[in-house]
Each structure stands twice: as structure tokens, then as C-alpha cells.
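J.: For reference, the file start_11.cif (mmCIF, N, CA and C atoms) is included below:
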```cif
data_input
#
loop_
_atom_site.label_atom_id
_atom_site.label_comp_id
_atom_site.auth_asym_id
_atom_site.auth_seq_id
_atom_site.Cartn_x
_atom_site.Cartn_y
_atom_site.Cartn_z
N MET R 1 17.20 -3.09 3.76
CA MET R 1 17.58 -3.36 2.39
C MET R 1 17.02 -2.22 1.52
N PRO R 2 17.85 -1.60 0.69
CA PRO R 2 17.37 -0.49 -0.13
C PRO R 2 16.47 -0.95 -1.27
N GLU R 3 15.70 -0.01 -1.78
CA GLU R 3 14.82 -0.30 -2.90
C GLU R 3 15.63 -0.39 -4.19
N SER R 4 15.24 -1.30 -5.05
CA SER R 4 15.84 -1.38 -6.38
C SER R 4 15.02 -0.53 -7.33
N LEU R 5 15.51 -0.36 -8.53
CA LEU R 5 14.79 0.44 -9.52
C LEU R 5 13.44 -0.19 -9.84
N SER R 6 13.39 -1.52 -9.94
CA SER R 6 12.13 -2.19 -10.27
C SER R 6 11.10 -2.04 -9.15
N THR R 7 11.55 -2.07 -7.89
CA THR R 7 10.58 -1.90 -6.80
C THR R 7 10.14 -0.45 -6.68
N LYS R 8 11.01 0.50 -7.00
CA LYS R 8 10.59 1.90 -7.02
C LYS R 8 9.52 2.14 -8.09
N LEU R 9 9.71 1.53 -9.25
CA LEU R 9 8.71 1.66 -10.32
C LEU R 9 7.40 0.98 -9.93
N ALA R 10 7.49 -0.18 -9.27
CA ALA R 10 6.28 -0.86 -8.81
C ALA R 10 5.55 -0.02 -7.77
N ARG R 11 6.30 0.58 -6.85
CA ARG R 11 5.69 1.45 -5.83
C ARG R 11 5.01 2.64 -6.49
N TRP R 12 5.68 3.25 -7.44
CA TRP R 12 5.11 4.37 -8.16
C TRP R 12 3.83 3.95 -8.89
N GLY R 13 3.88 2.79 -9.54
CA GLY R 13 2.71 2.29 -10.26
C GLY R 13 1.53 2.02 -9.34
N PHE R 14 1.78 1.39 -8.20
CA PHE R 14 0.71 1.14 -7.24
C PHE R 14 0.09 2.44 -6.76
N ASN R 15 0.93 3.40 -6.40
CA ASN R 15 0.43 4.65 -5.82
C ASN R 15 -0.36 5.49 -6.80
N PHE R 16 -0.13 5.32 -8.10
CA PHE R 16 -0.88 6.09 -9.08
C PHE R 16 -1.99 5.31 -9.77
N PHE R 17 -2.11 4.03 -9.48
CA PHE R 17 -3.21 3.23 -10.03
C PHE R 17 -4.52 3.68 -9.38
N PRO R 18 -5.53 4.06 -10.15
CA PRO R 18 -6.74 4.66 -9.58
C PRO R 18 -7.46 3.79 -8.54
N ALA R 19 -7.51 2.48 -8.75
CA ALA R 19 -8.21 1.63 -7.79
C ALA R 19 -7.49 1.60 -6.44
N TYR R 20 -6.17 1.57 -6.47
CA TYR R 20 -5.42 1.57 -5.21
C TYR R 20 -5.40 2.96 -4.60
N ARG R 21 -5.34 3.96 -5.44
CA ARG R 21 -5.33 5.35 -4.96
C ARG R 21 -6.62 5.66 -4.20
N GLY R 22 -7.72 5.05 -4.61
CA GLY R 22 -9.00 5.27 -3.95
C GLY R 22 -9.08 4.73 -2.53
N THR R 23 -8.18 3.84 -2.15
CA THR R 23 -8.20 3.30 -0.79
C THR R 23 -7.72 4.32 0.23
N GLY R 24 -6.98 5.34 -0.24
CA GLY R 24 -6.42 6.33 0.67
C GLY R 24 -5.05 5.96 1.19
N ALA R 25 -4.57 4.77 0.86
CA ALA R 25 -3.27 4.30 1.33
C ALA R 25 -2.19 4.65 0.32
N ARG R 26 -0.97 4.70 0.79
CA ARG R 26 0.19 4.92 -0.07
C ARG R 26 1.28 3.93 0.34
N ILE R 27 1.93 3.34 -0.64
CA ILE R 27 3.07 2.47 -0.36
C ILE R 27 4.28 3.38 -0.23
N THR R 28 5.00 3.24 0.87
CA THR R 28 6.16 4.09 1.11
C THR R 28 7.49 3.38 0.87
N TYR R 29 7.50 2.05 0.88
CA TYR R 29 8.75 1.32 0.72
C TYR R 29 8.46 -0.11 0.28
N ILE R 30 9.25 -0.60 -0.66
CA ILE R 30 9.23 -2.00 -1.06
C ILE R 30 10.68 -2.48 -1.08
N ALA R 31 11.00 -3.51 -0.31
CA ALA R 31 12.36 -4.05 -0.29
C ALA R 31 12.67 -4.66 -1.65
N SER R 32 13.94 -4.66 -2.02
CA SER R 32 14.32 -5.15 -3.34
C SER R 32 14.03 -6.64 -3.52
N ASP R 33 13.92 -7.41 -2.42
CA ASP R 33 13.57 -8.83 -2.53
C ASP R 33 12.08 -9.08 -2.29
N TRP R 34 11.29 -8.04 -2.17
CA TRP R 34 9.83 -8.10 -1.98
C TRP R 34 9.41 -8.80 -0.68
N ARG R 35 10.26 -8.87 0.31
CA ARG R 35 9.90 -9.50 1.58
C ARG R 35 9.37 -8.48 2.59
N GLU R 36 9.43 -7.21 2.27
CA GLU R 36 8.92 -6.17 3.16
C GLU R 36 8.29 -5.06 2.33
N VAL R 37 7.07 -4.70 2.70
CA VAL R 37 6.37 -3.59 2.06
C VAL R 37 5.78 -2.74 3.17
N ARG R 38 6.01 -1.44 3.12
CA ARG R 38 5.47 -0.52 4.12
C ARG R 38 4.37 0.31 3.49
N ILE R 39 3.26 0.39 4.21
CA ILE R 39 2.08 1.10 3.71
C ILE R 39 1.68 2.14 4.74
N LYS R 40 1.32 3.31 4.25
CA LYS R 40 0.84 4.38 5.13
C LYS R 40 -0.65 4.60 4.83
N LEU R 41 -1.45 4.48 5.86
CA LEU R 41 -2.90 4.70 5.74
C LEU R 41 -3.31 5.74 6.78
N PRO R 42 -3.44 6.99 6.37
CA PRO R 42 -3.76 8.04 7.35
C PRO R 42 -5.22 7.98 7.79
N LEU R 43 -5.44 8.41 9.01
CA LEU R 43 -6.80 8.55 9.53
C LEU R 43 -7.32 9.90 9.08
N ASN R 44 -8.26 9.89 8.16
CA ASN R 44 -8.83 11.14 7.66
C ASN R 44 -10.34 10.99 7.49
N ARG R 45 -10.94 11.96 6.89
CA ARG R 45 -12.39 11.97 6.73
C ARG R 45 -12.89 10.76 5.94
N ARG R 46 -12.13 10.32 4.95
CA ARG R 46 -12.57 9.18 4.12
C ARG R 46 -12.37 7.83 4.79
N THR R 47 -11.44 7.72 5.73
CA THR R 47 -11.15 6.42 6.34
C THR R 47 -11.66 6.31 7.77
N ARG R 48 -12.23 7.35 8.30
CA ARG R 48 -12.70 7.37 9.69
C ARG R 48 -14.15 6.88 9.76
N ASN R 49 -14.44 6.04 10.75
CA ASN R 49 -15.80 5.58 10.94
C ASN R 49 -16.50 6.42 12.01
N TYR R 50 -17.67 6.02 12.42
CA TYR R 50 -18.51 6.79 13.34
C TYR R 50 -17.85 7.06 14.69
N VAL R 51 -17.10 6.09 15.21
CA VAL R 51 -16.47 6.26 16.53
C VAL R 51 -15.06 6.84 16.44
N GLY R 52 -14.59 7.20 15.23
CA GLY R 52 -13.31 7.89 15.09
C GLY R 52 -12.11 7.01 14.83
N THR R 53 -12.33 5.75 14.52
CA THR R 53 -11.20 4.86 14.19
C THR R 53 -11.25 4.52 12.71
N ILE R 54 -10.19 3.89 12.21
CA ILE R 54 -10.14 3.54 10.79
C ILE R 54 -11.05 2.35 10.52
N TYR R 55 -11.80 2.42 9.43
CA TYR R 55 -12.63 1.31 8.99
C TYR R 55 -11.77 0.07 8.76
N GLY R 56 -12.28 -1.08 9.13
CA GLY R 56 -11.57 -2.33 8.83
C GLY R 56 -11.47 -2.55 7.34
N GLY R 57 -12.49 -2.14 6.60
CA GLY R 57 -12.47 -2.28 5.15
C GLY R 57 -11.38 -1.44 4.51
N SER R 58 -11.09 -0.29 5.06
CA SER R 58 -10.01 0.56 4.54
C SER R 58 -8.67 -0.12 4.73
N MET R 59 -8.48 -0.72 5.89
CA MET R 59 -7.22 -1.42 6.15
C MET R 59 -7.08 -2.62 5.21
N TYR R 60 -8.16 -3.36 5.04
CA TYR R 60 -8.12 -4.54 4.17
C TYR R 60 -7.86 -4.14 2.72
N ALA R 61 -8.52 -3.09 2.25
CA ALA R 61 -8.32 -2.64 0.87
C ALA R 61 -6.90 -2.17 0.63
N ALA R 62 -6.26 -1.64 1.67
CA ALA R 62 -4.89 -1.15 1.52
C ALA R 62 -3.87 -2.29 1.42
N VAL R 63 -4.12 -3.41 2.08
CA VAL R 63 -3.13 -4.49 2.09
C VAL R 63 -3.50 -5.69 1.22
N ASP R 64 -4.73 -5.81 0.81
CA ASP R 64 -5.19 -6.99 0.07
C ASP R 64 -4.40 -7.25 -1.21
N PRO R 65 -4.21 -6.29 -2.10
CA PRO R 65 -3.48 -6.62 -3.33
C PRO R 65 -1.98 -6.83 -3.12
N ILE R 66 -1.46 -6.36 -2.02
CA ILE R 66 -0.01 -6.42 -1.78
C ILE R 66 0.46 -7.85 -1.52
N TYR R 67 -0.30 -8.62 -0.75
CA TYR R 67 0.13 -9.98 -0.42
C TYR R 67 0.29 -10.85 -1.67
N MET R 68 -0.64 -10.75 -2.60
CA MET R 68 -0.56 -11.55 -3.80
C MET R 68 0.67 -11.19 -4.62
N ILE R 69 0.94 -9.90 -4.78
CA ILE R 69 2.10 -9.46 -5.54
C ILE R 69 3.40 -9.89 -4.85
N MET R 70 3.43 -9.78 -3.52
CA MET R 70 4.62 -10.21 -2.77
C MET R 70 4.89 -11.69 -3.00
N LEU R 71 3.85 -12.52 -2.91
CA LEU R 71 4.04 -13.97 -3.10
C LEU R 71 4.48 -14.29 -4.52
N ILE R 72 3.94 -13.60 -5.50
CA ILE R 72 4.34 -13.83 -6.89
C ILE R 72 5.82 -13.48 -7.09
N LYS R 73 6.23 -12.36 -6.54
CA LYS R 73 7.60 -11.89 -6.73
C LYS R 73 8.61 -12.74 -5.95
N ILE R 74 8.22 -13.25 -4.78
CA ILE R 74 9.14 -14.08 -3.99
C ILE R 74 9.23 -15.46 -4.61
#
```
For this file, produce the structure as C-alpha cells.

T.:
Amino acid sequence: MPESLSTKLARWGFNFFPAYRGTGARITYIASDWREVRIKLPLNRRTRNYVGTIYGGSMYAAVDPIYMIMLIKI
């Protein structure tokens, strides 16, 4: 399902909001009915832990605000 104008604006807003930007994640797609959201969280210096995997906290911070917004919009 393609993105609508409102979901493109929401994606843009999320990606430039400083608190979400600090997680290191980026939203790449939001379905027009808000039933699917794709997030990209790269493994880099800020998200890598001692053994070389992504911190669980980084993953949680990337998806935590999304579920609430999805439920509100649906």
C-alpha cells in the first residue's frame, strides 16, 4: 500500500524530531492505513554494545513511540 501525503509528513516529522533522531533509527515507510511501519536501525558506533550487537535499549527506543501512534491512528 503506498504512502499518503499525511503519512509522508508524519514520517518526515518523526525523522526530524530531536528525541527520535537521537535513537539512531529512521522511519522508511508508513502505510496509508497505519497498519505497517518500517524502521531502519543501523549497527554503528552509537548502537553497538561491547560484544558487537545492537543494544536492546536502542531497539526499544526506535519502536516504542511507534506502537502508540499506530494504535491511535487505527

J.: Fewer than 4 positions away in the same chain doesn't count, so skip those; otherwise give me all residues within 8 Å of R:Pro42, counting all atoms listed in the file, as a VMD selection string.

T.: chain R and resid 23 to 26 46 to 48 54

J.: Suppose a student applies the PyMOL selection byres (((chain R and resi 33 and name CA) around 9) and name CA) to this structure; what residues should they get, written as a VMD selection string?

T.: chain R and resid 1 3 to 4 7 30 to 32 34 to 36 73 to 74

J.: Run DSSP on the backbone and give me the residues of chain R it puts in strand (DSSP E or B), as a VMD selection string.

T.: chain R and resid 26 to 30 37 to 40 48 54

J.: For a test of reading the model, state the distance in Å between atom N of R:Asn49 and atom CA of R:Pro18, rounded to one decimal.

T.: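 Those two atoms sit 21.8 Å apart.
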
J.: Could you find all residues in stretch 1-43 of chain R that DSSP calls alpha helix (DSSP H) from the backbone, and write them as a VMD selection string?

T.: chain R and resid 5 to 16 18 to 21

J.: Just give me the gap between atom N of R:Ala62 and atom C of R:Asn15 in Å, one decimal is fine.

T.: 12.5 Å

J.: In Å, rounded to a single decimal, give me how far atom C of R:Trp12 is from atom CA of R:Ile72.

T.: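 Interatomic distance here is 17.9 Å.
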
J.: Using all atoms listed in the file for the distances, tell me which of R:Gly56, R:Leu71, R:Asn44, R:Tyr29 is nearest to R:Lys8.

T.: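 Looking only at the distances to R:Lys8, the closest residue turns out to be R:Tyr29.
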